[in-house]
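Novice: What follows is final30.txt, made up of compact mmCIF, C-alpha atoms (C1' of nucleotides) and all ligand atoms:
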```txt
# COMPACT_ATOMS: atom_id res chain seq x y z
CA MET I 120 0.00 0.00 0.00
CA ASN I 121 0.80 3.69 -0.16
CA GLN I 122 2.70 3.19 -3.39
CA GLY I 123 2.29 6.07 -5.76
CA THR I 124 0.53 8.18 -3.14
CA PRO I 125 2.29 11.51 -3.13
CA LYS I 126 3.43 11.84 0.44
CA LYS I 127 2.21 14.96 2.20
CA PRO I 128 4.87 15.52 4.83
CA ASP I 129 3.87 16.65 8.28
CA TYR I 130 5.37 20.11 8.34
CA GLU I 131 3.85 20.99 11.70
CA ARG I 132 5.89 18.26 13.29
CA GLU I 133 9.02 19.33 11.49
CA MET I 134 8.48 22.94 12.47
CA ARG I 135 8.00 22.12 16.13
CA ARG I 136 11.17 20.11 16.08
CA ALA I 137 13.04 23.12 14.68
CA GLY I 138 11.63 25.44 17.33
CA ILE I 139 9.46 27.15 14.76
CA ARG I 140 6.07 28.08 16.09
CA ILE I 141 2.78 27.04 14.59
CA THR I 142 0.87 30.27 14.48
CA ARG I 143 -2.58 31.03 13.17
CA PRO I 144 -1.33 32.83 10.03
CA ARG I 145 1.02 29.99 9.24
CA ARG I 146 -1.66 27.38 9.61
CA VAL I 147 -3.99 29.34 7.35
CA ILE I 148 -1.36 29.83 4.67
CA LEU I 149 -0.27 26.22 4.83
CA ASP I 150 -3.86 25.11 4.37
CA ILE I 151 -4.33 27.40 1.41
CA LEU I 152 -1.25 26.02 -0.29
CA ALA I 153 -2.25 22.45 0.44
CA GLY I 154 -5.62 22.83 -1.22
CA CYS I 155 -4.23 24.69 -4.17
CA GLU I 156 -4.31 23.49 -7.75
CA ASP I 157 -2.67 26.57 -9.19
CA HIS I 158 0.45 28.72 -8.74
CA PRO I 159 -0.68 31.80 -6.80
CA ASP I 160 1.53 34.80 -6.10
CA ALA I 161 1.93 36.45 -2.70
CA MET I 162 -0.93 38.87 -3.26
CA GLU I 163 -3.29 36.08 -4.26
CA ILE I 164 -2.31 34.06 -1.22
CA PHE I 165 -2.78 37.15 0.92
CA GLN I 166 -6.29 37.64 -0.44
CA ARG I 167 -7.26 34.02 0.07
CA ALA I 168 -5.83 34.19 3.59
CA SER I 169 -7.64 37.43 4.35
CA ALA I 170 -10.90 35.74 3.45
CA ILE I 171 -10.25 33.29 6.27
CA ASP I 172 -8.59 35.57 8.79
CA LYS I 173 -8.95 39.26 8.11
CA SER I 174 -6.00 40.15 10.35
CA ILE I 175 -3.26 38.39 8.37
CA SER I 176 -0.89 40.84 6.74
CA LEU I 177 0.91 40.75 3.41
CA SER I 178 4.24 40.97 5.24
CA THR I 179 3.44 37.77 7.05
CA VAL I 180 2.58 36.09 3.79
CA TYR I 181 5.98 37.03 2.41
CA ARG I 182 7.74 36.00 5.59
CA THR I 183 5.92 32.72 5.66
CA MET I 184 6.68 31.97 2.03
CA LYS I 185 10.34 32.48 2.72
CA LEU I 186 10.18 30.26 5.77
CA LEU I 187 8.36 27.49 3.93
CA GLU I 188 10.72 27.75 1.00
CA GLY I 189 13.66 27.38 3.33
CA MET I 190 12.05 24.27 4.80
CA GLY I 191 11.55 22.86 1.36
CA ALA I 192 7.79 22.90 1.86
CA ILE I 193 7.13 25.03 -1.18
CA HIS I 194 8.73 26.00 -4.46
CA ARG I 195 9.10 29.54 -5.65
CA HIS I 196 8.80 30.25 -9.36
CA ALA I 197 9.80 33.43 -11.14
CA PHE I 198 7.95 33.19 -14.43
CA GLU I 199 8.76 35.98 -16.79
CA GLY I 200 7.10 39.29 -16.16
CA GLY I 201 5.03 38.86 -13.05
CA PRO I 202 5.74 38.46 -9.34
CA ALA I 203 6.99 35.23 -7.75
CA ARG I 204 4.50 32.36 -7.70
CA PHE I 205 4.36 29.49 -5.29
CA GLU I 206 3.23 25.91 -5.02
CA GLN I 207 3.52 23.30 -2.35
CA ALA I 208 6.43 20.96 -2.86
CA SER I 209 4.64 17.73 -2.06
CA GLY I 210 4.33 16.25 -5.54
CA GLU I 211 6.91 14.99 -7.98
CA HIS I 212 9.31 17.33 -9.70
CA HIS I 213 7.94 18.92 -12.81
CA ASP I 214 8.56 21.84 -15.11
CA HIS I 215 6.16 24.36 -16.59
CA LEU I 216 4.69 25.47 -19.88
CA ILE I 217 3.18 28.94 -19.73
CA ASP I 218 0.42 29.90 -22.15
CA LEU I 219 1.41 33.35 -23.36
CA ASP I 220 -2.18 34.28 -24.23
CA THR I 221 -4.04 33.12 -21.15
CA GLY I 222 -1.31 32.93 -18.54
CA ASP I 223 -2.26 29.32 -17.85
CA VAL I 224 0.48 27.22 -16.32
CA ILE I 225 0.71 23.63 -17.49
CA GLU I 226 2.92 21.13 -15.73
CA PHE I 227 4.98 18.50 -17.48
CA HIS I 228 7.85 16.20 -16.82
CA SER I 229 10.43 14.59 -19.03
CA ARG I 230 12.73 12.05 -17.48
CA ARG I 231 14.80 12.21 -20.65
CA ILE I 232 15.36 15.94 -20.38
CA GLU I 233 16.31 15.62 -16.74
CA GLU I 234 18.85 12.97 -17.64
CA LEU I 235 20.30 15.09 -20.40
CA GLN I 236 20.64 18.01 -18.02
CA ASP I 237 22.61 15.88 -15.61
CA GLU I 238 24.77 14.63 -18.42
CA ILE I 239 25.52 18.14 -19.66
CA ALA I 240 26.38 19.36 -16.19
CA ARG I 241 28.59 16.35 -15.56
CA GLU I 242 30.51 16.94 -18.77
CA LEU I 243 31.09 20.53 -17.70
CA GLY I 244 32.34 19.33 -14.34
CA TYR I 245 29.26 20.40 -12.42
CA GLU I 246 26.64 18.87 -10.21
CA ILE I 247 23.16 20.30 -10.59
CA VAL I 248 21.62 21.63 -7.39
CA HIS I 249 18.41 22.68 -9.06
CA HIS I 250 17.21 23.90 -12.40
CA ARG I 251 14.47 25.77 -14.09
CA LEU I 252 12.86 24.84 -17.36
CA GLU I 253 10.06 27.01 -18.62
CA LEU I 254 8.41 26.81 -22.01
CA TYR I 255 6.46 29.84 -23.20
CA GLY I 256 4.06 29.12 -26.00
CA ARG I 257 0.75 29.53 -27.73
CA ARG I 258 -1.98 27.05 -28.30
CA LYS I 259 -1.68 25.47 -31.73
CA LYS I 260 -4.55 26.26 -34.06
CA ARG I 261 -6.77 23.25 -34.47
CA ARG I 262 -6.42 21.92 -37.98
CA GLY I 263 -9.90 21.81 -39.56
CA MET D 1484 30.83 31.08 -48.57
CA ASN D 1485 29.74 32.69 -45.35
CA GLN D 1486 28.59 29.33 -44.05
CA GLY D 1487 28.99 28.92 -40.33
CA THR D 1488 29.98 32.55 -39.81
CA PRO D 1489 27.65 33.87 -37.11
CA LYS D 1490 26.11 36.82 -38.85
CA LYS D 1491 26.45 40.07 -36.97
CA PRO D 1492 23.50 41.98 -38.32
CA ASP D 1493 23.84 45.65 -39.12
CA TYR D 1494 21.59 47.15 -36.48
CA GLU D 1495 22.46 50.70 -37.38
CA ARG D 1496 20.96 50.16 -40.81
CA GLU D 1497 17.90 48.48 -39.37
CA MET D 1498 17.43 51.25 -36.85
CA ARG D 1499 17.69 53.98 -39.45
CA ARG D 1500 15.13 52.21 -41.56
CA ALA D 1501 12.75 52.15 -38.60
CA GLY D 1502 13.25 55.86 -37.95
CA ILE D 1503 15.21 55.09 -34.81
CA ARG D 1504 18.11 57.45 -34.27
CA ILE D 1505 21.69 56.42 -33.80
CA THR D 1506 22.71 58.43 -30.80
CA ARG D 1507 25.97 58.57 -28.95
CA PRO D 1508 24.69 56.63 -25.92
CA ARG D 1509 23.26 53.95 -28.16
CA ARG D 1510 26.46 53.57 -30.11
CA VAL D 1511 28.45 53.28 -26.90
CA ILE D 1512 26.12 50.68 -25.41
CA LEU D 1513 25.97 48.70 -28.64
CA ASP D 1514 29.76 48.64 -28.76
CA ILE D 1515 29.99 47.47 -25.17
CA LEU D 1516 27.61 44.63 -25.83
CA ALA D 1517 29.39 43.65 -29.02
CA GLY D 1518 32.72 43.30 -27.29
CA CYS D 1519 31.27 41.50 -24.34
CA GLU D 1520 32.10 37.95 -23.31
CA ASP D 1521 29.91 37.95 -20.22
CA HIS D 1522 26.32 38.66 -19.18
CA PRO D 1523 26.35 42.10 -17.56
CA ASP D 1524 23.39 43.67 -15.82
CA ALA D 1525 22.15 47.21 -16.41
CA MET D 1526 24.34 48.68 -13.68
CA GLU D 1527 27.44 47.01 -15.06
CA ILE D 1528 26.65 48.25 -18.55
CA PHE D 1529 26.05 51.69 -17.11
CA GLN D 1530 29.46 51.68 -15.45
CA ARG D 1531 31.25 50.49 -18.56
CA ALA D 1532 29.41 53.12 -20.57
CA SER D 1533 30.21 55.83 -18.06
CA ALA D 1534 33.89 55.03 -18.45
CA ILE D 1535 33.56 55.93 -22.13
CA ASP D 1536 31.07 58.77 -21.88
CA LYS D 1537 30.54 60.19 -18.43
CA SER D 1538 27.23 61.77 -19.39
CA ILE D 1539 25.30 58.57 -20.16
CA SER D 1540 22.58 57.89 -17.61
CA LEU D 1541 21.27 54.69 -16.12
CA SER D 1542 17.81 55.49 -17.45
CA THR D 1543 19.19 55.54 -20.94
CA VAL D 1544 20.84 52.20 -20.39
CA TYR D 1545 17.51 50.72 -19.35
CA ARG D 1546 15.70 52.39 -22.23
CA THR D 1547 18.30 51.20 -24.69
CA MET D 1548 18.19 47.64 -23.40
CA LYS D 1549 14.45 47.60 -23.91
CA LEU D 1550 14.81 49.02 -27.39
CA LEU D 1551 17.48 46.51 -28.37
CA GLU D 1552 15.50 43.67 -26.89
CA GLY D 1553 12.49 44.68 -28.93
CA MET D 1554 14.65 44.70 -32.04
CA GLY D 1555 15.92 41.26 -31.22
CA ALA D 1556 19.46 42.59 -30.91
CA ILE D 1557 19.92 41.34 -27.37
CA HIS D 1558 18.54 38.75 -25.00
CA ARG D 1559 17.43 39.50 -21.48
CA HIS D 1560 17.99 36.88 -18.80
CA ALA D 1561 16.46 36.81 -15.33
CA PHE D 1562 18.72 34.46 -13.44
CA GLU D 1563 17.53 33.74 -9.95
CA GLY D 1564 18.13 36.38 -7.36
CA GLY D 1565 19.84 39.21 -9.13
CA PRO D 1566 18.81 41.87 -11.65
CA ALA D 1567 18.26 41.22 -15.35
CA ARG D 1568 21.35 40.39 -17.36
CA PHE D 1569 21.94 40.93 -21.03
CA GLU D 1570 23.91 39.60 -23.94
CA GLN D 1571 23.97 40.38 -27.61
CA ALA D 1572 21.85 38.04 -29.68
CA SER D 1573 24.29 37.50 -32.50
CA GLY D 1574 25.36 33.93 -31.74
CA GLU D 1575 23.51 30.64 -31.81
CA HIS D 1576 20.83 29.85 -29.27
CA HIS D 1577 22.15 28.44 -26.03
CA ASP D 1578 21.12 27.92 -22.45
CA HIS D 1579 22.98 28.59 -19.21
CA LEU D 1580 24.55 26.83 -16.28
CA ILE D 1581 25.11 29.12 -13.30
CA ASP D 1582 27.83 28.32 -10.78
CA LEU D 1583 26.16 28.85 -7.42
CA ASP D 1584 29.46 29.53 -5.68
CA THR D 1585 31.14 31.92 -8.08
CA GLY D 1586 28.21 33.26 -10.07
CA ASP D 1587 29.96 32.21 -13.28
CA VAL D 1588 27.66 31.70 -16.22
CA ILE D 1589 28.51 28.83 -18.56
CA GLU D 1590 26.79 28.44 -21.90
CA PHE D 1591 25.72 25.15 -23.37
CA HIS D 1592 23.45 23.79 -26.02
CA SER D 1593 21.69 20.49 -26.47
CA ARG D 1594 19.91 19.89 -29.74
CA ARG D 1595 18.33 16.85 -28.15
CA ILE D 1596 16.81 18.85 -25.29
CA GLU D 1597 15.50 21.44 -27.72
CA GLU D 1598 13.84 18.68 -29.75
CA LEU D 1599 12.30 17.14 -26.66
CA GLN D 1600 10.91 20.51 -25.62
CA ASP D 1601 9.23 20.90 -28.98
CA GLU D 1602 7.85 17.40 -28.75
CA ILE D 1603 6.44 17.98 -25.28
CA ALA D 1604 4.82 21.25 -26.30
CA ARG D 1605 3.37 19.67 -29.43
CA GLU D 1606 1.83 16.84 -27.42
CA LEU D 1607 0.22 19.41 -25.15
CA GLY D 1608 -1.15 21.25 -28.18
CA TYR D 1609 1.26 24.15 -27.94
CA GLU D 1610 3.84 25.83 -30.08
CA ILE D 1611 6.87 27.13 -28.22
CA VAL D 1612 7.58 30.83 -28.69
CA HIS D 1613 10.62 30.83 -26.47
CA HIS D 1614 11.93 29.01 -23.47
CA ARG D 1615 14.33 29.28 -20.60
CA LEU D 1616 16.53 26.52 -19.32
CA GLU D 1617 18.85 27.30 -16.45
CA LEU D 1618 20.95 24.82 -14.51
CA TYR D 1619 22.20 25.90 -11.09
CA GLY D 1620 25.07 23.83 -9.78
CA ARG D 1621 28.36 23.47 -8.02
CA ARG D 1622 31.70 22.42 -9.37
CA LYS D 1623 32.25 18.71 -8.79
CA LYS D 1624 35.08 17.95 -6.42
CA ARG D 1625 38.08 16.65 -8.33
CA ARG D 1626 38.53 12.99 -7.55
CA GLY D 1627 42.04 12.52 -6.13
C1' DA B 584 26.03 75.80 -42.39
C1' DG B 585 21.25 77.05 -40.80
C1' DT B 586 16.69 75.65 -39.68
C1' DC B 587 13.16 72.57 -38.48
C1' DT B 588 10.81 68.63 -36.45
C1' DT B 589 10.70 65.24 -33.31
C1' DA B 590 13.24 61.37 -31.13
C1' DT B 591 16.06 61.02 -27.35
C1' DT B 592 18.21 62.39 -23.21
C1' DG B 593 19.19 63.30 -18.01
C1' DC B 594 17.12 64.05 -13.95
C1' DA B 595 14.13 63.21 -10.30
C1' DA B 596 10.24 61.25 -8.92
C1' DA B 597 7.13 57.15 -9.25
C1' DC B 598 6.69 52.44 -9.49
C1' DG B 599 5.80 47.27 -8.09
C1' DA B 600 7.52 43.61 -5.53
C1' DT B 601 9.65 42.48 -1.55
C1' DT B 602 12.07 43.26 2.86
C1' DT B 603 12.82 45.29 7.30
C1' DG B 604 12.72 47.91 12.10
C1' DC B 605 10.08 48.16 15.82
C1' DA B 606 6.77 47.94 19.42
C1' DA B 607 2.90 45.04 20.51
C1' DT B 608 1.30 40.31 20.59
C1' DT B 609 1.48 35.46 20.83
C1' DG B 610 2.99 30.52 21.20
C1' DC B 611 4.44 27.41 24.17
C1' DA B 612 7.77 25.48 27.62
C1' DT B 613 8.07 25.96 32.44
C1' DA Y 297 -0.40 31.35 35.40
C1' DT Y 298 4.31 33.17 34.21
C1' DG Y 299 8.05 34.42 31.29
C1' DC Y 300 10.66 34.86 27.32
C1' DA Y 301 11.68 34.39 22.68
C1' DA Y 302 9.44 34.00 18.27
C1' DT Y 303 6.14 36.19 15.52
C1' DT Y 304 3.11 39.69 14.07
C1' DG Y 305 1.09 44.12 11.82
C1' DC Y 306 2.25 48.39 10.40
C1' DA Y 307 4.82 51.77 8.13
C1' DA Y 308 8.86 52.92 6.18
C1' DA Y 309 12.76 51.31 3.49
C1' DT Y 310 14.79 48.86 -0.22
C1' DC Y 311 15.82 47.15 -4.96
C1' DG Y 312 15.44 47.09 -9.79
C1' DT Y 313 13.12 49.34 -13.17
C1' DT Y 314 10.04 52.75 -15.42
C1' DT Y 315 8.24 57.29 -16.43
C1' DG Y 316 7.04 62.57 -16.88
C1' DC Y 317 9.06 66.44 -18.30
C1' DA Y 318 11.83 70.15 -19.95
C1' DA Y 319 16.21 70.43 -22.33
C1' DT Y 320 19.02 68.52 -26.01
C1' DA Y 321 20.50 66.71 -30.28
C1' DA Y 322 19.80 63.57 -34.71
C1' DG Y 323 19.06 63.91 -39.18
C1' DA Y 324 16.10 65.62 -43.07
C1' DC Y 325 15.45 69.67 -45.59
C1' DT Y 326 17.03 73.69 -47.27
MN MN I 1701 3.89 23.42 -10.70
MN MN I 1702 24.62 33.50 -22.95
ZN ZN I 1703 12.87 19.64 -14.51
ZN ZN I 1704 17.47 26.19 -25.20
```
Here is the file; what I need is its structure written in the form of structure tokens.

Specialist:
Amino acid sequence: MNQGTPKKPDYEREMRRAGIRITRPRRVILDILAGCEDHPDAMEIFQRASAIDKSISLSTVYRTMKLLEGMGAIHRHAFEGGPARFEQASGEHHDHLIDLDTGDVIEFHSRRIEELQDEIARELGYEIVHHRLELYGRRKKRRG
Amino acid sequence: MNQGTPKKPDYEREMRRAGIRITRPRRVILDILAGCEDHPDAMEIFQRASAIDKSISLSTVYRTMKLLEGMGAIHRHAFEGGPARFEQASGEHHDHLIDLDTGDVIEFHSRRIEELQDEIARELGYEIVHHRLELYGRRKKRRG
DNA sequence: AGTCTTATTGCAAACGATTTGCAATTGCAT
DNA sequence: ATGCAATTGCAAATCGTTTGCAATAAGACT
């Protein structure tokens, strides 16, 4: 059992262990990110959080995003143009295709590309710590 | 003849044709970029330009970078963390490996990865307009 | 070379995203 | 309950970049 189930790590436990406090704003933000299908930016997260607890501030959103990023609980993306966008780190690694017309973000993964990246880095004498692959494109016209 | 020679397009001609004026600041900045092996940011370009013509302003650097980008004369990169960096667009397409310790930027190209990107986009019903592939890594320890 | 029109400039001020100082509040171990 | 350090909200600061505006200069036409 539990094969293939993307593990949702217990960050509250990890935070307690590190002496990091579980506060109301943090719980709210963590919940928002957990039940998130998209890649919201700080302002969007702030608005969703405000809807739950009117007292949460934008500063706290930023501070919390930095904290969670440091813990490896979320990923920060800097797609071209806009502000940083976030997503929880629970799932498998993937890269992104951004629809230039709609702004939609589509996730994909290519084991082959990942392998080639490693190979390239190795040949250059490097070890990859992380990478960023973003495709920017337009929907192909349906052939009629 | 002229096979394999990376063509260095005559931007001055192109600019004139578009009613864009060849000013002293623009000539200076264009020259800096042409004789540039690295990926300087606006401030670095500003400093190099100031050394040639003390009167050039940072605003003009930014405005010129935008103009040149629009003409396709340069590429703008947004490596993680820092400000935008630029390079002249004359050469072949390539992607970048950033040394996390030194900040060095190493260029590479993989035809195979480019093909796979196209394939992935096609399968998702998209046509790639441009993309960004950045590897962030550390030099491998020499085995002794 | 002189004149004209208008693109371009430098400057300072505005901008958007993010970070920070600080005093007030809170989590949580005792 | 008590106490202290971690965390917060707020406002102000910061960073990279853009913009309004009056002054300047490119280049087309004498
Ligand atoms: Mn994603
Ligand atoms: Mn390059
Ligand atoms: Zn990847
Ligand atoms: Zn590429």

Novice: Can you pull out every residue within 12 Å of Ala1501 of chain D, counting all atoms listed in the file, but drop anything in the same chain fewer than 6 positions away, and send it as number ranges by chain?

Specialist: D: 1494-1495, 1550, 1554; B: 590

Novice: Need to verify the contact set: Asp1584 of chain D, 12 Å, only C-alpha atoms (C1' of nucleotides), exclusion of same-chain residues closer than 6 positions in sequence. Can you return it as a PyMOL selection string?

Specialist: (chain I and resi 245-246+248) or (chain D and resi 1619-1623)

Novice: Could you list, as a PyMOL selection string, every residue of chain B that has an atom within 12 Å of an atom of chain D, counting all atoms listed in the file?

Specialist: chain B and resi 589-595+601

Novice: Which of these residues is nearest to chain Y, using all atoms listed in the file: I:Val147, I:Leu235, I:Leu254, I:Val180?

Specialist: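 Among the listed residues, I:Val180 lies closest to chain Y.
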
Novice: Step by step, measure atom-to-atom distances between ligand ZN 1704 (chain I) and each residue using all atoms listed in the file, keep those at most 12 Å, then write them as a ChimeraX atom specification.

Specialist: /I:232,236,251-255 /D:1575-1580,1590-1601,1611-1618

Novice: So which one's closest to ligand MN 1701 (chain I), I:Ala197, I:Ala161, I:Asp129, I:Arg146? Using only C-alpha atoms and all ligand atoms, please.

Specialist: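 Under the stated criterion, the closest residue is I:Ala197.
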
Novice: Interatomic distance between atom C1' of DG323 of chain Y and atom CA of Arg1499 of chain D?

Specialist: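 Between these atoms lies a distance of 10.0 Å.
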
Novice: For atom CA of Cys155 of chain I and atom CA of Phe1562 of chain D, quote the distance in Å rounded to one decimal.

Specialist: 26.6 Å

Novice: Output the contact residues of chain Y with respect to chain I at a cut-off of 12 Å, based on only C-alpha atoms (C1' of nucleotides), as a JSON list (two decimals) with C-alpha atoms (C1' of nucleotides), in the frame of the given file.

Specialist:
```
[["chain", "number", "residue", "atom", "x", "y", "z"],
["Y", 301, "DA", "C1'", 11.68, 34.39, 22.68],
["Y", 302, "DA", "C1'", 9.44, 34.00, 18.27],
["Y", 303, "DT", "C1'", 6.14, 36.19, 15.52],
["Y", 304, "DT", "C1'", 3.11, 39.69, 14.07],
["Y", 305, "DG", "C1'", 1.09, 44.12, 11.82],
["Y", 306, "DC", "C1'", 2.25, 48.39, 10.40],
["Y", 307, "DA", "C1'", 4.82, 51.77, 8.13]]
```

Novice: With 5 Å added on each side, what axis-aligned box encloses every listed atom of segment 1591-1607 of chain D? Give the centre and edge lengths in Å to one decimal, as lines of an AutoDock Vina configuration file.

Specialist:
```
center_x = 13.0
center_y = 21.0
center_z = -26.6
size_x = 35.5
size_y = 18.3
size_z = 16.4
```

Novice: Report, in Å to a single decimal, how far apart atom CA of Asp160 of chain I and atom CA of His194 of chain I are.

Specialist: 11.5 Å

Novice: Let me make sure I understand: if you superpose chain D onto chain I using all C-alpha atoms paired in order, what RMSD in Å results?

Specialist: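 Across the paired C-alpha atoms, the RMSD reaches 0.3 Å.
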
Novice: For a quick check of understanding, using all atoms listed in the file, which of D:Arg1626, D:Arg1559, D:Lys1549, D:Lys1537 has the smallest distance to ligand MN 1702 (chain I)?

Specialist: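 With all atoms listed in the file as the atom set, the closest residue is D:Arg1559.
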
Novice: What lies within 10 Å of DT326 of chain Y using all atoms listed in the file, ignoring chain neighbours under 2 positions off, as a list of chain:residue names?

Specialist: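 Answer for this query is B:DG585, B:DT586, B:DC587, Y:DA324.
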
Novice: Near DG299 of chain Y, within 12 Å and counting all atoms listed in the file, which residues show up once chain neighbours fewer than 6 positions away are dropped, as an mmCIF file with C-alpha atoms (C1' of nucleotides), keeping the file's coordinate frame?

Specialist:
```cif
data_model
loop_
_atom_site.group_PDB
_atom_site.id
_atom_site.type_symbol
_atom_site.label_atom_id
_atom_site.label_comp_id
_atom_site.auth_asym_id
_atom_site.auth_seq_id
_atom_site.Cartn_x
_atom_site.Cartn_y
_atom_site.Cartn_z
ATOM 1 C "C1'" DG B 610 2.990 30.520 21.200
ATOM 2 C "C1'" DC B 611 4.440 27.410 24.170
ATOM 3 C "C1'" DA B 612 7.770 25.480 27.620
ATOM 4 C "C1'" DT B 613 8.070 25.960 32.440
#
```

Novice: So, with all atoms listed in the file as the atoms that count, which of I:Leu152, I:Arg167, I:Gly200, I:Ala240 lies closest to ligand MN 1701 (chain I)?

Specialist: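 The answer is I:Leu152, which sits nearest to ligand MN 1701 (chain I).
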
Novice: With distances taken over all atoms listed in the file, which residue among I:Gly189, I:Gly244, I:Gly210, I:Gly222 lies nearest chain D?

Specialist: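 Counting all atoms listed in the file, the residue closest to chain D is I:Gly244.
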
Novice: Using all atoms listed in the file, which of the listed residues (D:Asp1582, D:Asp1521, D:Glu1497, D:Asp1587) sits closest to chain I?

Specialist: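 Closest residue, counting all atoms listed in the file: D:Asp1582.
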
Novice: Output as a PDB file, keeping the file's coordinate frame: segment 183-197 of chain I, completed with N, CA, C and O atoms.

Specialist:
```
ATOM      1  N   THR I 183       6.240  34.135   5.581  1.00  0.00           N
ATOM      2  CA  THR I 183       5.920  32.720   5.660  1.00  0.00           C
ATOM      3  C   THR I 183       6.376  31.978   4.393  1.00  0.00           C
ATOM      4  O   THR I 183       6.879  30.860   4.467  1.00  0.00           O
ATOM      5  N   MET I 184       6.228  32.618   3.257  1.00  0.00           N
ATOM      6  CA  MET I 184       6.680  31.970   2.030  1.00  0.00           C
ATOM      7  C   MET I 184       8.175  31.715   2.089  1.00  0.00           C
ATOM      8  O   MET I 184       8.652  30.667   1.683  1.00  0.00           O
ATOM      9  N   LYS I 185       8.897  32.665   2.625  1.00  0.00           N
ATOM     10  CA  LYS I 185      10.340  32.480   2.720  1.00  0.00           C
ATOM     11  C   LYS I 185      10.692  31.362   3.691  1.00  0.00           C
ATOM     12  O   LYS I 185      11.562  30.532   3.423  1.00  0.00           O
ATOM     13  N   LEU I 186       9.960  31.332   4.794  1.00  0.00           N
ATOM     14  CA  LEU I 186      10.180  30.260   5.770  1.00  0.00           C
ATOM     15  C   LEU I 186       9.901  28.897   5.162  1.00  0.00           C
ATOM     16  O   LEU I 186      10.718  27.972   5.254  1.00  0.00           O
ATOM     17  N   LEU I 187       8.752  28.774   4.506  1.00  0.00           N
ATOM     18  CA  LEU I 187       8.360  27.490   3.930  1.00  0.00           C
ATOM     19  C   LEU I 187       9.311  27.078   2.810  1.00  0.00           C
ATOM     20  O   LEU I 187       9.624  25.905   2.641  1.00  0.00           O
ATOM     21  N   GLU I 188       9.771  28.062   2.059  1.00  0.00           N
ATOM     22  CA  GLU I 188      10.720  27.750   1.000  1.00  0.00           C
ATOM     23  C   GLU I 188      12.015  27.197   1.604  1.00  0.00           C
ATOM     24  O   GLU I 188      12.548  26.193   1.126  1.00  0.00           O
ATOM     25  N   GLY I 189      12.454  27.842   2.665  1.00  0.00           N
ATOM     26  CA  GLY I 189      13.660  27.380   3.330  1.00  0.00           C
ATOM     27  C   GLY I 189      13.527  25.966   3.873  1.00  0.00           C
ATOM     28  O   GLY I 189      14.485  25.194   3.887  1.00  0.00           O
ATOM     29  N   MET I 190      12.313  25.620   4.303  1.00  0.00           N
ATOM     30  CA  MET I 190      12.050  24.270   4.800  1.00  0.00           C
ATOM     31  C   MET I 190      11.885  23.270   3.681  1.00  0.00           C
ATOM     32  O   MET I 190      11.748  22.075   3.927  1.00  0.00           O
ATOM     33  N   GLY I 191      11.796  23.757   2.491  1.00  0.00           N
ATOM     34  CA  GLY I 191      11.550  22.860   1.360  1.00  0.00           C
ATOM     35  C   GLY I 191      10.087  22.493   1.217  1.00  0.00           C
ATOM     36  O   GLY I 191       9.737  21.571   0.480  1.00  0.00           O
ATOM     37  N   ALA I 192       9.220  23.222   1.908  1.00  0.00           N
ATOM     38  CA  ALA I 192       7.790  22.900   1.860  1.00  0.00           C
ATOM     39  C   ALA I 192       7.124  23.452   0.606  1.00  0.00           C
ATOM     40  O   ALA I 192       6.084  22.943   0.186  1.00  0.00           O
ATOM     41  N   ILE I 193       7.695  24.460   0.038  1.00  0.00           N
ATOM     42  CA  ILE I 193       7.130  25.030  -1.180  1.00  0.00           C
ATOM     43  C   ILE I 193       8.237  25.342  -2.192  1.00  0.00           C
ATOM     44  O   ILE I 193       9.413  25.403  -1.843  1.00  0.00           O
ATOM     45  N   HIS I 194       7.815  25.534  -3.429  1.00  0.00           N
ATOM     46  CA  HIS I 194       8.730  26.000  -4.460  1.00  0.00           C
ATOM     47  C   HIS I 194       8.312  27.394  -4.883  1.00  0.00           C
ATOM     48  O   HIS I 194       7.129  27.706  -4.941  1.00  0.00           O
ATOM     49  N   ARG I 195       9.321  28.192  -5.167  1.00  0.00           N
ATOM     50  CA  ARG I 195       9.100  29.540  -5.650  1.00  0.00           C
ATOM     51  C   ARG I 195       9.427  29.578  -7.136  1.00  0.00           C
ATOM     52  O   ARG I 195      10.483  29.102  -7.565  1.00  0.00           O
ATOM     53  N   HIS I 196       8.537  30.125  -7.935  1.00  0.00           N
ATOM     54  CA  HIS I 196       8.800  30.250  -9.360  1.00  0.00           C
ATOM     55  C   HIS I 196       8.822  31.717  -9.756  1.00  0.00           C
ATOM     56  O   HIS I 196       8.028  32.500  -9.252  1.00  0.00           O
ATOM     57  N   ALA I 197       9.726  32.050 -10.657  1.00  0.00           N
ATOM     58  CA  ALA I 197       9.800  33.430 -11.140  1.00  0.00           C
ATOM     59  C   ALA I 197       9.531  33.414 -12.635  1.00  0.00           C
ATOM     60  O   ALA I 197      10.446  33.578 -13.435  1.00  0.00           O
TER      61      ALA I 197
END
```
